[in-house]
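**Student:** File follows, protein.pdb with PDB, C-alpha atoms, pLDDT in the B column:
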```pdb
ATOM      1  CA  MET A   1      83.795  97.385  92.213  1.00 64.00           C
ATOM      2  CA  GLN A   2      87.374  96.244  91.858  1.00 82.00           C
ATOM      3  CA  LYS A   3      90.262  98.512  92.891  1.00 89.00           C
ATOM      4  CA  LYS A   4      93.943  97.939  92.188  1.00 92.00           C
ATOM      5  CA  LEU A   5      96.189  98.135  95.221  1.00 94.00           C
ATOM      6  CA  LEU A   6      99.833  99.172  94.993  1.00 95.00           C
ATOM      7  CA  ASN A   7     102.080  97.218  97.357  1.00 95.00           C
ATOM      8  CA  ILE A   8     104.269  99.737  99.218  1.00 96.00           C
ATOM      9  CA  GLY A   9     106.044  97.114 101.323  1.00 94.00           C
ATOM     10  CA  PHE A  10     105.642  95.121 104.537  1.00 92.00           C
ATOM     11  CA  GLY A  11     102.014  94.224 103.858  1.00 92.00           C
ATOM     12  CA  ASN A  12     100.944  97.825 103.254  1.00 95.00           C
ATOM     13  CA  THR A  13      99.059  98.922 100.151  1.00 96.00           C
ATOM     14  CA  VAL A  14      97.511 102.078  98.710  1.00 96.00           C
ATOM     15  CA  VAL A  15      94.763 102.401  96.120  1.00 96.00           C
ATOM     16  CA  ALA A  16      96.629 102.948  92.849  1.00 95.00           C
ATOM     17  CA  GLU A  17      93.974 105.306  91.446  1.00 95.00           C
ATOM     18  CA  ARG A  18      94.662 107.761  94.293  1.00 96.00           C
ATOM     19  CA  VAL A  19      98.429 108.071  93.640  1.00 97.00           C
ATOM     20  CA  VAL A  20      99.491 111.455  92.270  1.00 97.00           C
ATOM     21  CA  ALA A  21     103.279 111.111  92.608  1.00 96.00           C
ATOM     22  CA  ILE A  22     106.027 108.824  93.873  1.00 96.00           C
ATOM     23  CA  VAL A  23     109.168 110.793  94.760  1.00 95.00           C
ATOM     24  CA  SER A  24     112.532 110.465  96.461  1.00 95.00           C
ATOM     25  CA  PRO A  25     112.634 111.805 100.029  1.00 94.00           C
ATOM     26  CA  SER A  26     116.181 113.158  99.797  1.00 93.00           C
ATOM     27  CA  SER A  27     115.517 116.733  98.627  1.00 94.00           C
ATOM     28  CA  SER A  28     114.774 119.626 100.968  1.00 96.00           C
ATOM     29  CA  PRO A  29     111.324 120.339  99.451  1.00 96.00           C
ATOM     30  CA  MET A  30     110.279 116.713 100.043  1.00 96.00           C
ATOM     31  CA  LYS A  31     111.509 116.890 103.638  1.00 95.00           C
ATOM     32  CA  ARG A  32     109.416 120.050 104.126  1.00 97.00           C
ATOM     33  CA  LEU A  33     106.425 118.348 102.502  1.00 96.00           C
ATOM     34  CA  LYS A  34     106.773 115.453 104.955  1.00 96.00           C
ATOM     35  CA  ASP A  35     107.113 117.790 107.948  1.00 96.00           C
ATOM     36  CA  GLU A  36     104.069 119.849 106.906  1.00 97.00           C
ATOM     37  CA  ALA A  37     101.994 116.693 106.388  1.00 97.00           C
ATOM     38  CA  ARG A  38     102.977 115.494 109.863  1.00 97.00           C
ATOM     39  CA  LYS A  39     101.975 118.840 111.363  1.00 98.00           C
ATOM     40  CA  GLU A  40      98.592 118.761 109.550  1.00 97.00           C
ATOM     41  CA  ARG A  41      98.085 115.095 110.506  1.00 98.00           C
ATOM     42  CA  HIS A  42      98.037 113.965 106.848  1.00 98.00           C
ATOM     43  CA  LEU A  43     101.102 111.732 107.135  1.00 98.00           C
ATOM     44  CA  LEU A  44     100.773 107.944 106.902  1.00 97.00           C
ATOM     45  CA  ASP A  45     103.928 106.022 107.843  1.00 97.00           C
ATOM     46  CA  GLY A  46     104.209 102.643 106.102  1.00 96.00           C
ATOM     47  CA  THR A  47     107.932 102.151 106.808  1.00 96.00           C
ATOM     48  CA  GLN A  48     107.508  99.816 109.803  1.00 94.00           C
ATOM     49  CA  GLY A  49     110.295 101.729 111.563  1.00 94.00           C
ATOM     50  CA  ARG A  50     112.727 101.546 108.663  1.00 96.00           C
ATOM     51  CA  ARG A  51     114.358 104.358 106.712  1.00 96.00           C
ATOM     52  CA  THR A  52     112.058 106.293 104.356  1.00 96.00           C
ATOM     53  CA  ARG A  53     113.065 105.611 100.744  1.00 97.00           C
ATOM     54  CA  ALA A  54     109.970 106.888  98.928  1.00 97.00           C
ATOM     55  CA  ILE A  55     107.222 109.436  99.459  1.00 98.00           C
ATOM     56  CA  ILE A  56     103.834 108.808  97.868  1.00 98.00           C
ATOM     57  CA  VAL A  57     101.505 111.764  97.351  1.00 98.00           C
ATOM     58  CA  LEU A  58      97.792 110.928  97.207  1.00 98.00           C
ATOM     59  CA  ASP A  59      94.993 112.975  95.648  1.00 97.00           C
ATOM     60  CA  SER A  60      93.512 113.481  99.125  1.00 96.00           C
ATOM     61  CA  ASN A  61      96.615 115.516 100.125  1.00 95.00           C
ATOM     62  CA  HIS A  62      97.817 112.643 102.291  1.00 98.00           C
ATOM     63  CA  ILE A  63     101.494 111.729 102.238  1.00 98.00           C
ATOM     64  CA  VAL A  64     102.507 108.075 102.565  1.00 98.00           C
ATOM     65  CA  LEU A  65     106.030 107.028 103.549  1.00 98.00           C
ATOM     66  CA  SER A  66     107.501 103.772 102.269  1.00 98.00           C
ATOM     67  CA  ALA A  67     110.743 101.909 102.983  1.00 97.00           C
ATOM     68  CA  ILE A  68     110.795 100.605  99.393  1.00 97.00           C
ATOM     69  CA  GLN A  69     112.985 102.463  96.852  1.00 96.00           C
ATOM     70  CA  PHE A  70     111.005 104.982  94.797  1.00 93.00           C
ATOM     71  CA  GLU A  71     112.304 103.398  91.557  1.00 95.00           C
ATOM     72  CA  THR A  72     110.862 100.053  92.647  1.00 96.00           C
ATOM     73  CA  LEU A  73     107.513 101.601  93.571  1.00 96.00           C
ATOM     74  CA  SER A  74     107.414 103.475  90.262  1.00 94.00           C
ATOM     75  CA  GLN A  75     108.028 100.227  88.388  1.00 95.00           C
ATOM     76  CA  ARG A  76     105.291  98.466  90.377  1.00 94.00           C
ATOM     77  CA  PHE A  77     102.925 101.335  89.580  1.00 95.00           C
ATOM     78  CA  GLU A  78     103.739 101.135  85.851  1.00 94.00           C
ATOM     79  CA  ASP A  79     103.263  97.346  85.889  1.00 93.00           C
ATOM     80  CA  LEU A  80      99.919  97.867  87.577  1.00 91.00           C
ATOM     81  CA  LYS A  81      98.804 100.410  84.962  1.00 87.00           C
ATOM     82  CA  ASN A  82      99.891  98.081  82.137  1.00 88.00           C
ATOM     83  CA  GLY A  83      97.851  95.183  83.521  1.00 83.00           C
ATOM     84  CA  ASN A  84     100.676  93.126  85.039  1.00 79.00           C
ATOM     85  CA  VAL A  85      99.048  91.859  88.242  1.00 63.00           C
ATOM     86  CA  THR A  86     102.012  89.869  89.582  1.00 54.00           C
ATOM     87  CA  THR A  87     103.249  92.827  91.698  1.00 45.00           C
ATOM     88  CA  CYS A  88      99.907  94.077  92.987  1.00 47.00           C
ATOM     89  CA  ARG A  89      96.673  93.010  94.593  1.00 53.00           C
ATOM     90  CA  THR A  90      93.067  93.669  93.804  1.00 52.00           C
ATOM     91  CA  SER A  91      90.326  94.405  96.261  1.00 55.00           C
ATOM     92  CA  THR A  92      86.582  94.174  95.836  1.00 55.00           C
ATOM     93  CA  THR A  93      84.830  96.952  97.764  1.00 54.00           C
TER      94      THR A  93
END
```
Do you think you could lay out the structure here as structure tokens?

**Tutor:**
Amino acid sequence: MQKKLLNIGFGNTVVAERVVAIVSPSSSPMKRLKDEARKERHLLDGTQGRRTRAIIVLDSNHIVLSAIQFETLSQRFEDLKNGNVTTCRTSTT
């Protein structure tokens, strides 16, 4: 079975089928979402110590932080859905 992986920066990827939303971290509700996910141990930090520029919500209620701009991640996700594989990877599992 082949799964499409969305590159979220610095060698980190998420399974594209699991992505529910890609949002900006600047609003108060998104900051609360991040804090609640940390408290519930559902937070995955993919920033490699850099500033959070995008929050990715997965269908498993996990929250993934990325240092890549949310506009860039959204474009990568759209390219992935449209079959452009130059900005993504595939995995056979």

**Student:** For the PyMOL selection byres ((chain A and resi 30-44) around 7), applied here, can you spell out every residue it catches as a list in words?

**Tutor:**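 After applying the PyMOL selection byres ((chain A and resi 30-44) around 7), what remains is Pro25, Ser26, Ser27, Ser28, Pro29, Asp45, Gly46, His62, Ile63, Val64 and Leu65 of chain A.
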
**Student:** Could you tell me how far atom CA of Thr72 of chain A sits from atom CA of Arg51 of chain A, in Å to one decimal place?

**Tutor:**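 That distance, rounded to one decimal, is 15.1 Å.
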
**Student:** Using all atoms of segment 54-65 of chain A that appear in the file, construct an axis-aligned enclosing box with 3 Å of padding on every side and provide its centre coordinates and edge lengths in Å, rounded to one decimal, as JSON.

**Tutor:**
```
{"center_x": 101.7, "center_y": 111.2, "center_z": 99.6, "size_x": 22.5, "size_y": 14.6, "size_z": 13.9}
```

**Student:** Within 6 Å of (90.3, 99.6, 95.4) (file coordinates; only C-alpha atoms), which protein or nucleic acid residues are there? I'd like them as a count of residues only.

**Tutor:** 5

**Student:** Evaluated on this file, the PyMOL selection byres ((chain A and resi 77) around 12) picks out some residues - which ones are they, written as a PyMOL selection string?

**Tutor:** chain A and resi 4-8+13-22+56+70-76+78-89

**Student:** Between atom CA of Thr52 of chain A and atom CA of Gly11 of chain A, what is the distance, to one decimal in Å?

**Tutor:**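 One can read the atom CA of Thr52 of chain A to atom CA of Gly11 of chain A distance as 15.7 Å.
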
**Student:** Would you work out the distance separating atom CA of Asp59 of chain A from atom CA of Ser24 of chain A, expressed in Å to one decimal?

**Tutor:** 17.7 Å

**Student:** Pull the neighbourhood of (117.3, 100.5, 107.2) for me: all residues within 12 Å in file coordinates, counting only C-alpha atoms, as a ChimeraX atom specification.

**Tutor:** /A:47-53,66-69
